[in-house]
Every structure is written in C-alpha cells, then in structure tokens.
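Enquirer: Structure file run_17.txt, compact mmCIF, C-alpha atoms, is pasted below:
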```txt
# COMPACT_ATOMS: atom_id res chain seq x y z
CA ALA I 19 0.00 0.00 0.00
CA SER I 20 1.20 3.47 -0.78
CA ALA I 21 2.12 5.71 2.12
CA SER I 22 -0.13 8.64 2.95
CA PRO I 23 1.41 12.11 2.99
CA ALA I 24 2.53 13.16 6.46
CA ARG I 25 0.23 15.52 8.30
CA SER I 26 1.28 19.08 8.97
CA SER I 27 0.13 21.03 11.98
CA PRO I 28 -2.81 23.40 11.55
CA PRO I 29 -2.09 27.13 11.65
CA ARG I 30 -1.91 28.09 15.32
CA LEU I 31 -3.05 31.27 17.03
CA GLN I 32 -0.26 33.68 16.20
CA ALA I 33 1.09 36.59 18.19
CA ALA I 34 -0.55 39.84 17.20
CA ASP I 35 2.78 41.31 16.16
CA GLU I 36 3.71 38.46 13.81
CA PRO I 37 3.76 39.79 10.23
CA PRO I 38 0.41 39.14 8.53
CA PRO I 39 2.13 37.87 5.35
CA LEU I 40 3.77 35.07 7.38
CA ARG I 41 0.48 34.09 8.99
CA ALA I 42 -1.21 34.15 5.60
CA LEU I 43 1.52 31.89 4.20
CA ARG I 44 0.99 29.39 7.03
CA SER I 45 -2.70 29.17 6.17
CA PHE I 46 -2.03 28.82 2.46
CA LEU I 47 0.45 25.98 2.97
CA TYR I 48 -1.89 24.12 5.32
CA PHE I 49 -4.84 24.22 2.94
CA ASN I 50 -3.24 24.43 -0.51
CA GLY I 51 0.45 23.59 -0.16
CA PRO I 52 2.23 20.55 -1.64
CA GLU I 53 1.14 18.22 1.17
CA ALA I 54 -2.54 19.18 0.92
CA THR I 55 -2.42 18.88 -2.86
CA ALA I 56 -0.80 15.43 -2.64
CA ARG I 57 -3.44 14.24 -0.18
CA ARG I 58 -6.26 15.31 -2.52
CA LEU I 59 -4.52 13.62 -5.45
CA VAL I 60 -4.10 10.34 -3.55
CA ALA I 61 -7.74 10.44 -2.45
CA GLY I 62 -8.87 11.17 -5.99
CA LEU I 63 -6.90 8.26 -7.43
CA ALA I 64 -8.30 5.95 -4.77
CA GLY I 65 -11.83 6.91 -5.74
CA GLY I 66 -14.59 5.91 -3.38
CA ARG I 67 -18.12 7.06 -2.77
CA ALA I 68 -19.17 9.88 -0.49
CA THR I 69 -19.41 8.83 3.13
CA ALA I 70 -22.59 9.09 5.19
CA PRO I 71 -21.88 9.84 8.88
CA ALA I 72 -23.54 7.34 11.21
CA GLY I 73 -26.65 8.67 12.91
CA GLY I 74 -26.30 11.97 11.08
CA LEU I 75 -23.40 13.08 13.31
CA VAL I 76 -20.83 15.00 11.26
CA PHE I 77 -18.62 16.21 14.13
CA ASP I 78 -18.51 14.98 17.72
CA ALA I 79 -15.91 16.63 19.96
CA SER I 80 -15.81 13.55 22.17
CA ALA I 81 -14.76 11.40 19.18
CA PRO I 82 -13.20 13.90 16.74
CA SER I 83 -11.26 11.37 14.68
CA GLY I 84 -14.38 9.58 13.48
CA LEU I 85 -14.56 11.32 10.08
CA GLY I 86 -11.00 12.60 10.03
CA LEU I 87 -11.96 16.28 9.91
CA GLU I 88 -8.84 18.47 9.94
CA TRP I 89 -9.47 22.08 10.95
CA GLY I 90 -7.29 25.08 10.24
CA THR I 91 -7.61 28.83 10.74
CA LEU I 92 -8.47 31.19 7.93
CA ASP I 93 -8.34 34.78 9.17
CA ASP I 94 -8.35 38.21 7.56
CA VAL I 95 -4.54 38.19 7.33
CA VAL I 96 -5.10 36.91 3.79
CA MET I 97 -6.11 40.49 2.97
CA GLY I 98 -3.74 42.31 5.35
CA GLY I 99 -5.93 42.24 8.47
CA ARG I 100 -4.81 41.70 12.06
CA SER I 101 -7.35 39.19 13.44
CA ALA I 102 -6.06 35.88 14.83
CA SER I 103 -7.81 32.68 15.85
CA SER I 104 -7.34 29.00 16.66
CA PHE I 105 -9.38 25.80 16.79
CA GLN I 106 -8.43 23.22 19.40
CA LEU I 107 -9.97 20.06 20.78
CA THR I 108 -10.11 20.49 24.53
CA THR I 109 -12.30 20.03 27.61
CA ASP I 110 -14.16 22.79 29.39
CA ASP I 111 -14.29 23.41 33.14
CA ASP I 112 -17.01 20.75 33.49
CA GLY I 113 -14.93 18.13 31.68
CA LEU I 114 -17.01 18.29 28.50
CA ALA I 115 -15.16 17.68 25.23
CA VAL I 116 -15.44 20.64 22.84
CA GLY I 117 -13.92 22.03 19.69
CA ARG I 118 -12.91 25.55 20.74
CA PHE I 119 -12.81 28.33 18.13
CA GLU I 120 -11.39 31.42 19.80
CA GLY I 121 -9.17 34.40 19.24
CA VAL I 122 -9.22 38.13 18.63
CA VAL I 123 -11.13 39.84 15.84
CA THR I 124 -10.33 43.39 14.80
CA THR I 125 -10.97 45.72 11.89
CA ARG I 126 -7.39 47.00 12.00
CA GLY I 127 -5.64 46.69 8.68
CA GLY I 128 -8.90 46.62 6.74
CA GLY I 129 -10.01 43.22 8.00
CA GLY I 130 -12.81 42.31 10.37
CA PHE I 131 -13.26 38.56 10.06
CA THR I 132 -11.83 35.33 11.36
CA GLY I 133 -12.65 31.73 10.63
CA VAL I 134 -11.81 28.06 10.89
CA ARG I 135 -12.29 25.65 8.00
CA THR I 136 -11.77 21.96 7.35
CA ARG I 137 -9.36 20.76 4.76
CA THR I 138 -11.11 19.47 1.65
CA LEU I 139 -12.99 16.30 2.56
CA SER I 140 -11.97 13.35 0.37
CA PRO I 141 -14.24 11.52 -0.07
CA PRO I 142 -16.97 14.13 0.48
CA LEU I 143 -19.80 13.74 2.99
CA ASP I 144 -23.23 12.62 1.86
CA LEU I 145 -25.37 14.76 4.16
CA ARG I 146 -28.59 13.71 2.48
CA ALA I 147 -27.99 10.02 3.23
CA ALA I 148 -26.79 10.87 6.73
CA ALA I 149 -29.95 12.84 7.47
CA ALA I 150 -32.13 10.04 6.10
CA ALA I 151 -30.47 7.64 8.56
CA ALA I 152 -31.14 9.98 11.49
CA GLU I 153 -34.44 10.30 13.29
CA GLY I 154 -37.14 12.64 12.02
CA GLY I 155 -38.80 13.53 8.76
CA GLY I 156 -38.98 16.64 6.63
CA ASP I 157 -36.35 18.97 5.19
CA LEU I 158 -32.62 18.49 5.72
CA THR I 159 -31.46 20.60 8.67
CA VAL I 160 -28.00 21.18 10.11
CA VAL I 161 -27.98 21.04 13.91
CA LEU I 162 -25.18 22.76 15.86
CA ARG I 163 -24.68 22.28 19.58
CA VAL I 164 -22.66 25.34 20.58
CA ARG I 165 -21.81 27.69 23.43
CA GLY I 166 -20.87 31.20 22.40
CA ASP I 167 -20.28 34.62 23.84
CA GLY I 168 -23.24 36.55 22.46
CA ASN I 169 -21.76 37.05 19.00
CA ARG I 170 -23.48 36.16 15.74
CA PHE I 171 -21.41 33.57 13.89
CA LYS I 172 -21.68 31.94 10.48
CA PHE I 173 -21.69 28.28 9.53
CA VAL I 174 -20.51 27.48 6.01
CA MET I 175 -20.65 24.41 3.75
CA ARG I 176 -19.09 23.81 0.34
CA ASP I 177 -19.79 21.22 -2.34
CA ASP I 178 -16.77 21.39 -4.64
CA GLU I 179 -12.99 21.74 -4.44
CA ASP I 180 -12.83 25.28 -5.79
CA TRP I 181 -11.01 27.17 -3.01
CA ASN I 182 -12.86 30.41 -3.77
CA GLY I 183 -16.04 28.72 -4.93
CA VAL I 184 -19.55 29.19 -3.61
CA ALA I 185 -19.77 29.20 0.19
CA TRP I 186 -23.22 28.14 1.38
CA THR I 187 -23.66 30.26 4.51
CA GLN I 188 -26.15 30.71 7.33
CA SER I 189 -25.81 32.92 10.42
CA PHE I 190 -26.69 31.88 13.95
CA ASP I 191 -26.81 33.78 17.24
CA THR I 192 -25.32 32.70 20.54
CA ALA I 193 -26.12 33.50 24.17
CA ALA I 194 -23.10 34.41 26.29
CA GLY I 195 -21.92 31.42 28.27
CA GLU I 196 -24.97 29.27 27.50
CA TRP I 197 -25.30 26.08 25.49
CA THR I 198 -27.73 26.45 22.61
CA THR I 199 -28.92 24.29 19.74
CA ALA I 200 -28.88 26.11 16.41
CA ARG I 201 -31.09 24.51 13.74
CA LEU I 202 -30.17 25.63 10.23
CA PRO I 203 -32.54 24.44 7.47
CA LEU I 204 -30.82 23.71 4.17
CA ALA I 205 -33.25 26.10 2.47
CA GLY I 206 -31.89 28.92 4.65
CA PHE I 207 -28.28 28.69 3.44
CA VAL I 208 -27.22 31.64 1.27
CA PRO I 209 -24.88 30.99 -1.70
CA THR I 210 -22.08 33.53 -1.32
CA ARG I 211 -18.70 34.50 -2.67
CA PHE I 212 -16.69 36.76 -0.38
CA ALA I 213 -19.85 37.55 1.67
CA ARG I 214 -21.82 38.62 -1.41
CA THR I 215 -24.82 36.66 -2.62
CA ASP I 216 -24.20 34.62 -5.76
CA ARG I 217 -27.61 34.84 -7.41
CA LEU I 218 -26.57 32.52 -10.25
CA ALA I 219 -25.48 29.66 -8.01
CA ARG I 220 -27.04 26.23 -8.50
CA PRO I 221 -28.64 24.43 -5.54
CA PHE I 222 -26.32 23.00 -2.89
CA ARG I 223 -25.39 19.37 -3.55
CA ALA I 224 -26.05 17.84 -0.15
CA ASP I 225 -24.74 14.48 -1.32
CA ARG I 226 -21.18 15.81 -1.69
CA CYS I 227 -20.22 18.24 1.05
CA THR I 228 -16.50 18.98 0.68
CA ALA I 229 -15.79 21.43 3.51
CA LEU I 230 -17.21 22.91 6.70
CA GLN I 231 -16.41 26.28 8.22
CA PHE I 232 -17.22 28.59 11.13
CA ALA I 233 -16.69 32.33 10.84
CA LEU I 234 -17.07 35.55 12.80
CA SER I 235 -17.36 38.58 10.55
CA LYS I 236 -18.14 42.27 10.68
CA PHE I 237 -20.33 41.71 7.63
CA GLU I 238 -23.46 39.68 7.06
CA TYR I 239 -24.28 39.58 3.32
CA ASP I 240 -24.01 42.09 0.47
CA ALA I 241 -22.20 44.71 2.60
CA GLY I 242 -24.80 44.52 5.38
CA LEU I 243 -23.29 44.72 8.87
CA ASN I 244 -23.44 42.04 11.52
CA PRO I 245 -25.61 43.73 14.20
CA ARG I 246 -23.96 41.77 17.03
CA PHE I 247 -20.36 42.16 15.94
CA GLU I 248 -17.90 43.40 18.55
CA GLU I 249 -14.15 43.72 18.19
CA GLY I 250 -11.97 41.95 20.72
CA ARG I 251 -11.70 38.45 22.13
CA PHE I 252 -14.29 35.84 21.21
CA ARG I 253 -15.01 32.18 21.86
CA LEU I 254 -17.26 29.55 20.36
CA ASP I 255 -17.32 26.03 21.81
CA VAL I 256 -18.66 23.36 19.45
CA GLN I 257 -19.88 20.10 20.94
CA SER I 258 -21.36 18.61 17.78
CA ILE I 259 -22.47 19.15 14.19
CA GLY I 260 -25.23 16.95 12.90
CA VAL I 261 -27.85 16.67 10.17
CA VAL I 262 -31.47 15.59 10.57
CA ARG I 263 -34.79 15.69 8.74
CA ALA I 264 -36.88 18.26 10.56
```
What does this structure look like when you write it as structure tokens?

Expert:
Amino acid sequence: ASASPARSSPPRLQAADEPPPLRALRSFLYFNGPEATARRLVAGLAGGRATAPAGGLVFDASAPSGLGLEWGTLDDVVMGGRSASSFQLTTDDDGLAVGRFEGVVTTRGGGGFTGVRTRTLSPPLDLRAAAAAAEGGGDLTVVLRVRGDGNRFKFVMRDDEDWNGVAWTQSFDTAAGEWTTARLPLAGFVPTRFARTDRLARPFRADRCTALQFALSKFEYDAGLNPRFEEGRFRLDVQSIGVVRA
C-alpha cells in the first residue's frame, strides 16, 4: 500500500505582532500547499463514494477522529488584516469535550473577520444520506450544539474543491456562556462568494459536502453589517455538528 502524505500542523493562534504575510503563508500551505495537494490527489486516485456519517453526526468533539476532519484557521490576514484565531480540541471546566474556536477579531488593517475551516474532505460527505439515517422527517437541517459569547457567527458548507467557490452560509446567534442548539434548514443557506450573494449559483449538492467552516465577521451579506459584531476576544465552543430531517 502506498504511504499517505505526512500531516502538517494546523495554523496556530499567532502573536498579534507576527507579520500578517507570514500568517497568511501558514494558512495557504496548510490548505493548498504541496502536502494538501498530494493528499487530494491520492484520495482522488483511490476513488470511493461519499461517506454518510452514522446517525447523522458529522462532528462529535468527544470522538473527533471519526470522520478525520482536519481544521485550520483562515483569518483576515489573507487580505492584510490583524485578526487571529485558533481551533483546538479540549475540555471545558465541566470536563465536556469541545472544539474551541477562539481568538481576537479586529478591523485594523482593513479586516474584520476570522474563521476556521476543514481541509477538503476526500471523499466528500453525503449529508442527504446521513440525514435520512437519522431520526425525524422533513427537510434536511443542520444542527449545531454550541456555546458562544453573544456574537453572531456563520456556519458554512461547500460542495466542490474550488477554493474560492460558492460558500453556502447561514448565520446563527449565541447566548453568552450558554449552550444552545442552532437549527439551520438547508433552504436557509445563502450561496455567497466573499460575503456577497451569488444569485446565479445552482442548488447546494447535499450528497457531496466537501468542507465545513465557522466564521465571525463584521459583515453579514451584500455589505450589510453584523448587528452583534464586537471587536476583541471571542469564543465559540462546538460540541457537535449533525444533520437531521426536521
């Protein structure tokens, strides 16, 4: 059997005074460098059908290796900004396993957004089949179990390998320090490119989800402002991501 490319470490939370170009380069190499490209090539040659997560559970912080999701930061340093974030698997003060997205968001340098995204999923996820296997009936719905800080975040899905392709996005609010369940119907996801609505986009292909992403941004859609955006430190704990028919 051929050897798999070695894994590189995800971009870590950088010091605020580290040059933005260096931080941007770290992100680029993690997502689109030689190693990432080789991994996609190997997966493509191997073929294989899209996978359907058991019970509709896409991400479970207590068993994060189940689907092999690899998260990395994607902050506004790619456009000269100064925001910085990280995503780490950890336990909270109550011993609960969480995926923790945290950092500092600022509009300095012309930015105002921060995010964490999975590497391209190969093979992709079949969310439609996963939802059919879960309990319930009705329309496909993404279910997030999260604890935030009062900010409004975005959840993003993609269905191709185009790095700057359509990002299917839906916003959700959090209550400071409280666990909440955000239910995001598939019909409510907005096809966007760089936070602007792509009105020519085709429907989302739920049978081949290729990436997941969380983001905190100054902007909502089409230059509209996020009404709950605040500069400074932020935190979003993610316990699980699932899909159901609801």

Enquirer: Using all atoms listed in the file, which protein or nucleic acid residues come within 8 Å of Arg263 (chain I)? Drop anything in the same chain fewer than 4 positions from it, and give the result as an MDAnalysis selection string.

Expert: chainID I and resid 149:150 152:159

Enquirer: Calculated over all atoms listed in the file, which of the candidates I:Phe237, I:Trp197, I:Phe173, I:Phe222 has the smallest distance to Val134 (chain I)?

Expert: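 Result for the nearest residue to Val134 (chain I): I:Phe173.
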
Enquirer: Which one of I:Met175, I:Leu75, I:Leu230, I:Leu243 sits closest to Gln257 (chain I) if you count all atoms listed in the file?

Expert: I:Leu75

Enquirer: Here is a test: counting only C-alpha atoms, which residue of I:Val122, I:Leu107, I:Val116, I:Val208 is nearest to Lys172 (chain I)?

Expert: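 With only C-alpha atoms as the atom set, the closest residue is I:Val208.
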
Enquirer: Have a look at I:Ala42, I:Leu114, I:Val76, I:Leu145 and name the one nearest to Arg226 (chain I); count only C-alpha atoms.

Expert: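 Comparing I:Ala42, I:Leu114, I:Val76, I:Leu145 against Arg226 (chain I), the winner is I:Leu145.
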
Enquirer: Would you kindly return, as a PDB file with C-alpha atoms, keeping the file's coordinate frame, each protein, DNA or RNA residue with an atom no farther than 12 Å from any atom of region 67-74 of chain I, considering all atoms listed in the file and excluding same-chain residues fewer than 3 positions away?

Expert:
```pdb
ATOM      1  CA  ALA I  61      -7.740  10.440  -2.450  1.00  0.00           C
ATOM      2  CA  GLY I  62      -8.870  11.170  -5.990  1.00  0.00           C
ATOM      3  CA  ALA I  64      -8.300   5.950  -4.770  1.00  0.00           C
ATOM      4  CA  PHE I  77     -18.620  16.210  14.130  1.00  0.00           C
ATOM      5  CA  ASP I  78     -18.510  14.980  17.720  1.00  0.00           C
ATOM      6  CA  GLY I  84     -14.380   9.580  13.480  1.00  0.00           C
ATOM      7  CA  LEU I  85     -14.560  11.320  10.080  1.00  0.00           C
ATOM      8  CA  GLY I  86     -11.000  12.600  10.030  1.00  0.00           C
ATOM      9  CA  LEU I  87     -11.960  16.280   9.910  1.00  0.00           C
ATOM     10  CA  LEU I 139     -12.990  16.300   2.560  1.00  0.00           C
ATOM     11  CA  SER I 140     -11.970  13.350   0.370  1.00  0.00           C
ATOM     12  CA  PRO I 141     -14.240  11.520  -0.070  1.00  0.00           C
ATOM     13  CA  PRO I 142     -16.970  14.130   0.480  1.00  0.00           C
ATOM     14  CA  LEU I 143     -19.800  13.740   2.990  1.00  0.00           C
ATOM     15  CA  ASP I 144     -23.230  12.620   1.860  1.00  0.00           C
ATOM     16  CA  LEU I 145     -25.370  14.760   4.160  1.00  0.00           C
ATOM     17  CA  ARG I 146     -28.590  13.710   2.480  1.00  0.00           C
ATOM     18  CA  ALA I 147     -27.990  10.020   3.230  1.00  0.00           C
ATOM     19  CA  ALA I 148     -26.790  10.870   6.730  1.00  0.00           C
ATOM     20  CA  ALA I 149     -29.950  12.840   7.470  1.00  0.00           C
ATOM     21  CA  ALA I 150     -32.130  10.040   6.100  1.00  0.00           C
ATOM     22  CA  ALA I 151     -30.470   7.640   8.560  1.00  0.00           C
ATOM     23  CA  ALA I 152     -31.140   9.980  11.490  1.00  0.00           C
ATOM     24  CA  GLU I 153     -34.440  10.300  13.290  1.00  0.00           C
ATOM     25  CA  GLY I 154     -37.140  12.640  12.020  1.00  0.00           C
ATOM     26  CA  LEU I 158     -32.620  18.490   5.720  1.00  0.00           C
ATOM     27  CA  THR I 159     -31.460  20.600   8.670  1.00  0.00           C
ATOM     28  CA  VAL I 160     -28.000  21.180  10.110  1.00  0.00           C
ATOM     29  CA  VAL I 161     -27.980  21.040  13.910  1.00  0.00           C
ATOM     30  CA  LEU I 162     -25.180  22.760  15.860  1.00  0.00           C
ATOM     31  CA  ASP I 177     -19.790  21.220  -2.340  1.00  0.00           C
ATOM     32  CA  ARG I 223     -25.390  19.370  -3.550  1.00  0.00           C
ATOM     33  CA  ALA I 224     -26.050  17.840  -0.150  1.00  0.00           C
ATOM     34  CA  ASP I 225     -24.740  14.480  -1.320  1.00  0.00           C
ATOM     35  CA  ARG I 226     -21.180  15.810  -1.690  1.00  0.00           C
ATOM     36  CA  CYS I 227     -20.220  18.240   1.050  1.00  0.00           C
ATOM     37  CA  THR I 228     -16.500  18.980   0.680  1.00  0.00           C
ATOM     38  CA  SER I 258     -21.360  18.610  17.780  1.00  0.00           C
ATOM     39  CA  ILE I 259     -22.470  19.150  14.190  1.00  0.00           C
ATOM     40  CA  GLY I 260     -25.230  16.950  12.900  1.00  0.00           C
ATOM     41  CA  VAL I 261     -27.850  16.670  10.170  1.00  0.00           C
ATOM     42  CA  VAL I 262     -31.470  15.590  10.570  1.00  0.00           C
ATOM     43  CA  ARG I 263     -34.790  15.690   8.740  1.00  0.00           C
TER      44      ARG I 263
END
```

Enquirer: CA of Glu248 (chain I) and CA of Asn169 (chain I) are how many Å apart?

Expert: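 Taking CA of Glu248 (chain I) and CA of Asn169 (chain I), their separation equals 7.4 Å.
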
Enquirer: Pick out the closest residue to Val95 (chain I) from this set: I:Gly242, I:Gly130, I:Pro82, I:Pro221. Count all atoms listed in the file.

Expert: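 Between I:Gly242, I:Gly130, I:Pro82, I:Pro221, the residue approaching Val95 (chain I) most closely is I:Gly130.
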